[in-house]
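Okay, data.cif now, which holds mmCIF, C-alpha atoms and all ligand atoms:
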```cif
data_coords
#
loop_
_atom_site.label_atom_id
_atom_site.label_comp_id
_atom_site.auth_asym_id
_atom_site.auth_seq_id
_atom_site.Cartn_x
_atom_site.Cartn_y
_atom_site.Cartn_z
CA MET I 41 -22.25 13.43 -46.58
CA SER I 42 -20.70 16.86 -46.09
CA ASN I 43 -22.14 17.97 -49.45
CA PHE I 44 -25.65 17.60 -48.05
CA PRO I 45 -26.95 20.10 -45.52
CA ILE I 46 -28.82 18.09 -42.85
CA ARG I 47 -32.25 19.34 -43.89
CA GLU I 48 -31.73 18.17 -47.46
CA ILE I 49 -30.71 14.61 -46.69
CA PRO I 50 -33.72 12.44 -47.35
CA GLN I 51 -34.79 9.90 -44.77
CA LEU I 52 -34.02 6.22 -45.23
CA ARG I 53 -36.70 4.32 -47.06
CA LEU I 54 -37.70 0.67 -46.74
CA ARG I 55 -39.94 -1.41 -48.96
CA HIS I 56 -41.83 -4.63 -48.28
CA PRO I 57 -42.61 -6.64 -51.42
CA LEU I 58 -45.75 -8.20 -49.84
CA GLY I 59 -45.22 -11.43 -51.77
CA ASN I 60 -46.12 -13.41 -48.68
CA LEU I 61 -47.02 -12.03 -45.31
CA PRO I 62 -44.24 -12.71 -42.81
CA SER I 63 -44.87 -14.64 -39.63
CA VAL I 64 -45.19 -12.54 -36.52
CA ARG I 65 -44.71 -13.08 -32.81
CA PHE I 66 -47.76 -13.76 -30.59
CA LEU I 67 -49.58 -10.93 -28.87
CA PRO I 68 -48.63 -10.91 -25.19
CA GLN I 69 -51.39 -11.76 -22.74
CA GLY I 70 -53.63 -8.77 -21.97
CA CYS I 71 -52.79 -7.05 -25.25
CA GLN I 72 -54.84 -6.46 -28.36
CA ILE I 73 -54.62 -4.56 -31.63
CA ARG I 74 -57.71 -2.75 -32.86
CA VAL I 75 -58.77 -0.02 -35.27
CA ALA I 76 -58.69 3.44 -33.69
CA SER I 77 -61.60 5.87 -33.54
CA SER I 78 -61.74 9.60 -32.86
CA GLU I 79 -62.30 8.82 -29.17
CA ASP I 80 -58.73 7.49 -29.04
CA ALA I 81 -57.14 10.75 -30.24
CA GLU I 82 -55.99 11.92 -26.80
CA ALA I 83 -54.41 8.56 -25.90
CA ILE I 84 -52.70 8.32 -29.31
CA SER I 85 -51.32 11.84 -28.88
CA MET I 86 -49.74 10.78 -25.58
CA VAL I 87 -48.08 7.74 -27.16
CA LEU I 88 -46.74 9.81 -30.05
CA THR I 89 -45.52 12.62 -27.80
CA GLY I 90 -43.75 10.04 -25.62
CA SER I 91 -42.07 8.47 -28.64
CA PHE I 92 -41.08 11.34 -30.93
CA GLU I 93 -39.32 14.66 -30.58
CA GLU I 94 -42.44 16.69 -31.36
CA PRO I 95 -45.52 17.33 -29.24
CA TRP I 96 -48.81 15.88 -30.46
CA THR I 97 -52.30 16.90 -29.38
CA SER I 98 -55.74 15.35 -29.91
CA GLU I 99 -56.28 17.96 -32.59
CA SER I 100 -53.09 17.04 -34.50
CA VAL I 101 -53.89 13.32 -34.24
CA LEU I 102 -57.32 13.98 -35.76
CA ARG I 103 -55.95 16.26 -38.48
CA ARG I 104 -52.87 14.22 -39.42
CA LEU I 105 -54.21 10.70 -38.88
CA LEU I 106 -57.80 9.93 -37.93
CA ASP I 107 -59.53 12.51 -40.16
CA ASP I 108 -56.97 12.49 -42.99
CA PRO I 109 -58.37 10.80 -46.12
CA GLY I 110 -54.78 9.81 -46.99
CA VAL I 111 -54.70 7.68 -43.82
CA PRO I 112 -57.56 5.19 -44.23
CA LEU I 113 -56.79 3.32 -41.00
CA THR I 114 -55.02 3.90 -37.74
CA PHE I 115 -54.48 1.02 -35.34
CA VAL I 116 -53.85 1.08 -31.63
CA ALA I 117 -52.19 -1.48 -29.38
CA GLU I 118 -53.79 -1.88 -25.97
CA GLN I 119 -52.27 -3.42 -22.88
CA ASP I 120 -54.75 -4.18 -20.11
CA GLY I 121 -57.23 -1.83 -21.75
CA LYS I 122 -54.80 1.10 -22.02
CA ILE I 123 -53.55 2.42 -25.36
CA VAL I 124 -49.79 1.96 -25.48
CA GLY I 125 -49.04 1.96 -29.21
CA THR I 126 -50.12 3.03 -32.64
CA ALA I 127 -49.40 2.58 -36.36
CA SER I 128 -51.26 3.84 -39.42
CA TYR I 129 -51.94 2.66 -42.94
CA GLN I 130 -51.37 5.50 -45.39
CA VAL I 131 -51.80 5.91 -49.15
CA LYS I 132 -49.97 8.42 -51.34
CA THR I 133 -49.76 9.14 -55.04
CA GLU I 134 -45.94 9.43 -55.12
CA PRO I 135 -43.66 7.62 -55.86
CA ASP I 136 -45.90 4.57 -56.37
CA PRO I 137 -49.67 5.08 -56.27
CA GLU I 138 -50.15 1.30 -55.86
CA ALA I 139 -48.09 1.17 -52.67
CA GLY I 140 -49.40 1.28 -49.11
CA TRP I 141 -47.37 3.05 -46.43
CA LEU I 142 -46.61 2.19 -42.83
CA HIS I 143 -46.92 5.50 -40.99
CA TRP I 144 -46.25 6.82 -37.47
CA VAL I 145 -45.32 3.62 -35.63
CA ALA I 146 -44.83 4.11 -31.89
CA ILE I 147 -44.95 2.11 -28.69
CA HIS I 148 -44.96 3.96 -25.38
CA PRO I 149 -41.55 3.60 -23.66
CA GLU I 150 -43.12 1.74 -20.73
CA ALA I 151 -44.60 -0.91 -23.06
CA ARG I 152 -41.53 -1.62 -25.19
CA GLY I 153 -39.80 -4.97 -25.41
CA LEU I 154 -43.00 -6.98 -26.02
CA ALA I 155 -42.79 -6.98 -29.86
CA LEU I 156 -45.90 -4.76 -30.02
CA GLY I 157 -44.20 -2.60 -32.66
CA GLU I 158 -43.69 -5.68 -34.82
CA ILE I 159 -47.24 -6.92 -34.25
CA ILE I 160 -48.96 -3.61 -34.99
CA SER I 161 -46.75 -3.05 -38.07
CA HIS I 162 -47.70 -6.54 -39.24
CA ARG I 163 -51.37 -5.50 -38.93
CA VAL I 164 -50.68 -2.68 -41.39
CA LEU I 165 -48.92 -5.10 -43.76
CA GLN I 166 -51.95 -7.37 -43.57
CA GLU I 167 -54.23 -4.45 -44.42
CA ALA I 168 -52.13 -3.54 -47.46
CA PHE I 169 -52.04 -7.20 -48.52
CA ASN I 170 -55.84 -7.49 -48.25
CA ARG I 171 -56.22 -4.29 -50.27
CA LYS I 172 -53.94 -5.78 -52.96
CA ARG I 173 -51.33 -3.01 -52.74
CA SER I 174 -48.15 -3.59 -54.77
CA CYS I 175 -45.87 -3.21 -51.72
CA VAL I 176 -45.59 -1.36 -48.42
CA MET I 177 -43.13 1.49 -48.01
CA LEU I 178 -41.99 3.56 -45.06
CA THR I 179 -39.47 6.24 -44.24
CA THR I 180 -37.37 6.40 -41.11
CA ASP I 181 -34.27 7.97 -39.60
CA ASP I 182 -30.79 6.46 -39.41
CA VAL I 183 -30.80 6.53 -35.61
CA ARG I 184 -34.05 4.63 -35.11
CA LEU I 185 -32.34 1.29 -34.63
CA ALA I 186 -35.17 -0.43 -32.70
CA ALA I 187 -37.59 0.51 -35.46
CA ILE I 188 -35.23 -0.57 -38.24
CA ARG I 189 -34.60 -3.90 -36.55
CA THR I 190 -38.37 -4.37 -36.31
CA TYR I 191 -38.88 -3.56 -40.00
CA LEU I 192 -36.04 -5.82 -41.19
CA ARG I 193 -37.41 -8.67 -39.07
CA LEU I 194 -40.75 -8.24 -40.85
CA GLY I 195 -39.09 -8.53 -44.25
CA PHE I 196 -38.75 -4.88 -45.22
CA GLU I 197 -35.74 -4.21 -47.42
CA PRO I 198 -33.63 -1.06 -47.75
CA ASP I 199 -34.81 0.97 -50.75
CA MET I 200 -31.67 2.83 -51.78
CA TRP I 201 -32.85 5.51 -54.15
CA HIS I 202 -30.59 8.37 -52.98
CA GLU I 203 -26.82 8.61 -53.38
CA THR I 204 -26.28 8.85 -49.60
CA HIS I 205 -28.29 5.73 -48.84
CA GLU I 206 -25.71 3.03 -49.51
CA SER I 207 -23.15 4.37 -47.05
CA ARG I 208 -25.80 5.27 -44.49
CA TRP I 209 -27.29 1.77 -44.66
CA ALA I 210 -23.83 0.26 -44.23
CA LYS I 211 -23.47 2.25 -41.02
CA VAL I 212 -26.95 1.29 -39.81
CA MET I 213 -26.21 -2.41 -40.41
CA GLN I 214 -22.93 -2.04 -38.55
CA ASN I 215 -24.75 -0.39 -35.63
CA LEU I 216 -27.31 -3.18 -35.59
CA SER I 217 -24.76 -5.99 -35.62
C1 LIG H 301 -39.79 1.25 -32.81
C2 LIG H 301 -40.64 0.86 -31.63
C3 LIG H 301 -42.11 1.02 -32.00
C4 LIG H 301 -40.36 -0.60 -31.28
O1 LIG H 301 -40.94 -0.90 -30.04
P1 LIG H 301 -41.09 -2.45 -29.54
O2 LIG H 301 -41.98 -3.18 -30.47
O3 LIG H 301 -41.46 -2.42 -28.12
O4 LIG H 301 -39.67 -3.06 -29.79
P2 LIG H 301 -38.34 -3.04 -28.90
O5 LIG H 301 -38.19 -1.74 -28.22
O6 LIG H 301 -38.33 -4.24 -28.08
O7 LIG H 301 -37.21 -3.15 -30.02
C5 LIG H 301 -37.38 -3.95 -31.22
C6 LIG H 301 -36.07 -4.66 -31.52
O8 LIG H 301 -35.03 -3.68 -31.57
C7 LIG H 301 -34.02 -4.00 -30.62
N1 LIG H 301 -33.51 -2.74 -30.09
C8 LIG H 301 -34.05 -1.95 -29.13
N2 LIG H 301 -33.28 -0.87 -28.95
C9 LIG H 301 -32.22 -1.01 -29.79
C10 LIG H 301 -31.07 -0.22 -30.05
N3 LIG H 301 -30.84 0.94 -29.41
N4 LIG H 301 -30.19 -0.65 -30.97
C11 LIG H 301 -30.40 -1.80 -31.65
N5 LIG H 301 -31.48 -2.60 -31.45
C12 LIG H 301 -32.37 -2.19 -30.52
C13 LIG H 301 -34.71 -4.85 -29.57
O9 LIG H 301 -33.77 -5.69 -28.93
C14 LIG H 301 -35.64 -5.65 -30.46
O10 LIG H 301 -34.92 -6.65 -31.13
P3 LIG H 301 -35.51 -8.14 -31.31
O11 LIG H 301 -36.80 -7.97 -32.07
O12 LIG H 301 -34.47 -8.82 -32.11
O13 LIG H 301 -35.73 -8.67 -29.94
C15 LIG H 301 -40.32 1.74 -30.39
O14 LIG H 301 -38.95 1.59 -30.09
C16 LIG H 301 -40.64 3.20 -30.56
O15 LIG H 301 -41.78 3.63 -30.38
N6 LIG H 301 -39.61 4.01 -30.87
C17 LIG H 301 -39.77 5.47 -30.96
C18 LIG H 301 -40.59 5.88 -32.16
C19 LIG H 301 -39.99 5.36 -33.45
O16 LIG H 301 -38.79 5.40 -33.67
N7 LIG H 301 -40.89 4.92 -34.36
C20 LIG H 301 -40.52 4.44 -35.66
C21 LIG H 301 -40.54 5.57 -36.61
S1 LIG H 301 -40.13 5.05 -38.26
#
```
Just give me the structure as structure tokens.
Amino acid sequence: MSNFPIREIPQLRLRHPLGNLPSVRFLPQGCQIRVASSEDAEAISMVLTGSFEEPWTSESVLRRLLDDPGVPLTFVAEQDGKIVGTASYQVKTEPDPEAGWLHWVAIHPEARGLALGEIISHRVLQEAFNRKRSCVMLTTDDVRLAAIRTYLRLGFEPDMWHETHESRWAKVMQNLS
């Protein structure tokens, strides 16, 4: 690890083979998943700002998600009519133009523990499956244990393409056990 300055260490990557869609837990009462529109930009920015280390605004949600042609769909999770989560379906040309990507998954801290992250991620898997993508990929950070547990539960597998990945995954698995 010491040979790799922090900024050059690539994120962890996971891949879902999409052979069969996994089963998923039931939506809690009062919750729903739906496709987002531009009117949701402000609420999505609040969820993302509450979940990541960078500030989001309505403008950045529109530019990076809702108006980005590389992000055909963004979903939101609602609890009692309030947006508490989001996940997007992304397409990219590299490394596999046939793959779909699970992008910017977040559940507001006050709405965690209800499996909404799993359920909204499953919605993205379903979208990729319906669009006949070859697989679904995502990148994440070693410390995002709740997210990694969610992805493994859904059937994502570690995609170890970089020489640091094997040892980092061993540590992640140890931290999860
Ligand atoms: C990832 C995220 C969406 C999951 O939210 P959620 O669906 O409410 O899920 P939970 O917080 O209940 O956690 C999911 C699982 O991880 C477990 N978990 C939570 N915190 C954990 C931790 N610190 N270490 C290990 N496991 C943890 C939970 O027990 C749960 O396990 P289970 O499914 O076996 O019951 C949410 O934690 C989040 O928004 N995190 C910040 C943003 C982020 O990291 N996004 C992913 C970017 S790739």
Which residues, written as a tab-separated table (two decimals) with C-alpha atoms, keeping the file's coordinate frame, have at least one atom at most 10 Å from region 118-134 of chain I, with all atoms listed in the file counted and residues fewer than 5 positions away on the same chain left out?
```tsv
chain	number	residue	atom	x	y	z
I	67	LEU	CA	-49.58	-10.93	-28.87
I	68	PRO	CA	-48.63	-10.91	-25.19
I	69	GLN	CA	-51.39	-11.76	-22.74
I	70	GLY	CA	-53.63	-8.77	-21.97
I	71	CYS	CA	-52.79	-7.05	-25.25
I	72	GLN	CA	-54.84	-6.46	-28.36
I	73	ILE	CA	-54.62	-4.56	-31.63
I	74	ARG	CA	-57.71	-2.75	-32.86
I	75	VAL	CA	-58.77	-0.02	-35.27
I	76	ALA	CA	-58.69	3.44	-33.69
I	80	ASP	CA	-58.73	7.49	-29.04
I	82	GLU	CA	-55.99	11.92	-26.80
I	83	ALA	CA	-54.41	8.56	-25.90
I	84	ILE	CA	-52.70	8.32	-29.31
I	85	SER	CA	-51.32	11.84	-28.88
I	86	MET	CA	-49.74	10.78	-25.58
I	87	VAL	CA	-48.08	7.74	-27.16
I	88	LEU	CA	-46.74	9.81	-30.05
I	91	SER	CA	-42.07	8.47	-28.64
I	105	LEU	CA	-54.21	10.70	-38.88
I	106	LEU	CA	-57.80	9.93	-37.93
I	108	ASP	CA	-56.97	12.49	-42.99
I	109	PRO	CA	-58.37	10.80	-46.12
I	110	GLY	CA	-54.78	9.81	-46.99
I	111	VAL	CA	-54.70	7.68	-43.82
I	112	PRO	CA	-57.56	5.19	-44.23
I	113	LEU	CA	-56.79	3.32	-41.00
I	139	ALA	CA	-48.09	1.17	-52.67
I	140	GLY	CA	-49.40	1.28	-49.11
I	141	TRP	CA	-47.37	3.05	-46.43
I	142	LEU	CA	-46.61	2.19	-42.83
I	143	HIS	CA	-46.92	5.50	-40.99
I	144	TRP	CA	-46.25	6.82	-37.47
I	145	VAL	CA	-45.32	3.62	-35.63
I	146	ALA	CA	-44.83	4.11	-31.89
I	147	ILE	CA	-44.95	2.11	-28.69
I	148	HIS	CA	-44.96	3.96	-25.38
I	149	PRO	CA	-41.55	3.60	-23.66
I	150	GLU	CA	-43.12	1.74	-20.73
I	151	ALA	CA	-44.60	-0.91	-23.06
I	152	ARG	CA	-41.53	-1.62	-25.19
I	156	LEU	CA	-45.90	-4.76	-30.02
I	157	GLY	CA	-44.20	-2.60	-32.66
I	159	ILE	CA	-47.24	-6.92	-34.25
I	160	ILE	CA	-48.96	-3.61	-34.99
I	161	SER	CA	-46.75	-3.05	-38.07
I	162	HIS	CA	-47.70	-6.54	-39.24
I	163	ARG	CA	-51.37	-5.50	-38.93
I	164	VAL	CA	-50.68	-2.68	-41.39
I	165	LEU	CA	-48.92	-5.10	-43.76
I	167	GLU	CA	-54.23	-4.45	-44.42
I	168	ALA	CA	-52.13	-3.54	-47.46
I	173	ARG	CA	-51.33	-3.01	-52.74
I	176	VAL	CA	-45.59	-1.36	-48.42
I	177	MET	CA	-43.13	1.49	-48.01
I	178	LEU	CA	-41.99	3.56	-45.06
```
Pick from I:Cys175, I:Ala210, I:Ala81, I:Leu58, whichever lies nearest to Val116 (chain I) using all atoms listed in the file: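 Going through I:Cys175, I:Ala210, I:Ala81, I:Leu58 one by one, the smallest distance to Val116 (chain I) is for I:Ala81.
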Tell me which of I:Glu94, I:Asp136, I:Glu206, I:Glu99 sits closest to ligand LIG 301 (chain H), counting all atoms listed in the file.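 Ranked by minimum distance to ligand LIG 301 (chain H), first place goes to I:Glu94.
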Polymer residues at most 10 Å from Arg193 (chain I), all atoms listed in the file, same-chain spacing of 2 or more positions, as a PyMOL selection string: chain I and resi 62-64+158+187-191+195-197
In Å and to one decimal, CA of Thr204 (chain I) is distant from atom C4 of ligand LIG 301 (chain H) by 25.0 Å
Please reconstruct the missing atoms of region 147-165 of chain I (target: N, CA and C atoms) and return them as a JSON list (two decimals), in the coordinates of the input.
```json
[["chain", "number", "residue", "atom", "x", "y", "z"],
["I", 147, "ILE", "N", -44.54, 2.83, -29.90],
["I", 147, "ILE", "CA", -44.95, 2.11, -28.69],
["I", 147, "ILE", "C", -44.46, 2.94, -27.50],
["I", 148, "HIS", "N", -45.33, 3.16, -26.55],
["I", 148, "HIS", "CA", -44.96, 3.96, -25.38],
["I", 148, "HIS", "C", -43.73, 3.33, -24.71],
["I", 149, "PRO", "N", -42.78, 4.15, -24.26],
["I", 149, "PRO", "CA", -41.55, 3.60, -23.66],
["I", 149, "PRO", "C", -41.81, 2.55, -22.59],
["I", 150, "GLU", "N", -42.86, 2.71, -21.82],
["I", 150, "GLU", "CA", -43.12, 1.74, -20.73],
["I", 150, "GLU", "C", -43.64, 0.40, -21.24],
["I", 151, "ALA", "N", -44.05, 0.34, -22.51],
["I", 151, "ALA", "CA", -44.60, -0.91, -23.06],
["I", 151, "ALA", "C", -43.68, -1.54, -24.11],
["I", 152, "ARG", "N", -42.45, -1.06, -24.17],
["I", 152, "ARG", "CA", -41.53, -1.62, -25.19],
["I", 152, "ARG", "C", -40.96, -2.96, -24.74],
["I", 153, "GLY", "N", -40.43, -3.70, -25.72],
["I", 153, "GLY", "CA", -39.80, -4.97, -25.41],
["I", 153, "GLY", "C", -40.76, -6.15, -25.50],
["I", 154, "LEU", "N", -42.00, -5.90, -25.93],
["I", 154, "LEU", "CA", -43.00, -6.98, -26.02],
["I", 154, "LEU", "C", -43.32, -7.32, -27.48],
["I", 155, "ALA", "N", -42.57, -6.77, -28.41],
["I", 155, "ALA", "CA", -42.79, -6.98, -29.86],
["I", 155, "ALA", "C", -44.10, -6.33, -30.34],
["I", 156, "LEU", "N", -44.64, -5.39, -29.58],
["I", 156, "LEU", "CA", -45.90, -4.76, -30.02],
["I", 156, "LEU", "C", -45.68, -3.92, -31.29],
["I", 157, "GLY", "N", -44.49, -3.36, -31.43],
["I", 157, "GLY", "CA", -44.20, -2.60, -32.66],
["I", 157, "GLY", "C", -44.24, -3.50, -33.88],
["I", 158, "GLU", "N", -43.67, -4.70, -33.72],
["I", 158, "GLU", "CA", -43.69, -5.68, -34.82],
["I", 158, "GLU", "C", -45.13, -6.11, -35.12],
["I", 159, "ILE", "N", -45.89, -6.37, -34.07],
["I", 159, "ILE", "CA", -47.24, -6.92, -34.25],
["I", 159, "ILE", "C", -48.17, -5.88, -34.87],
["I", 160, "ILE", "N", -48.06, -4.64, -34.44],
["I", 160, "ILE", "CA", -48.96, -3.61, -34.99],
["I", 160, "ILE", "C", -48.53, -3.24, -36.42],
["I", 161, "SER", "N", -47.22, -3.30, -36.69],
["I", 161, "SER", "CA", -46.75, -3.05, -38.07],
["I", 161, "SER", "C", -47.23, -4.18, -38.99],
["I", 162, "HIS", "N", -47.22, -5.39, -38.47],
["I", 162, "HIS", "CA", -47.70, -6.54, -39.24],
["I", 162, "HIS", "C", -49.18, -6.35, -39.59],
["I", 163, "ARG", "N", -49.94, -5.75, -38.68],
["I", 163, "ARG", "CA", -51.37, -5.50, -38.93],
["I", 163, "ARG", "C", -51.54, -4.56, -40.14],
["I", 164, "VAL", "N", -50.63, -3.60, -40.25],
["I", 164, "VAL", "CA", -50.68, -2.68, -41.39],
["I", 164, "VAL", "C", -50.30, -3.42, -42.68],
["I", 165, "LEU", "N", -49.29, -4.29, -42.59],
["I", 165, "LEU", "CA", -48.92, -5.10, -43.76],
["I", 165, "LEU", "C", -50.11, -5.94, -44.23]]
```
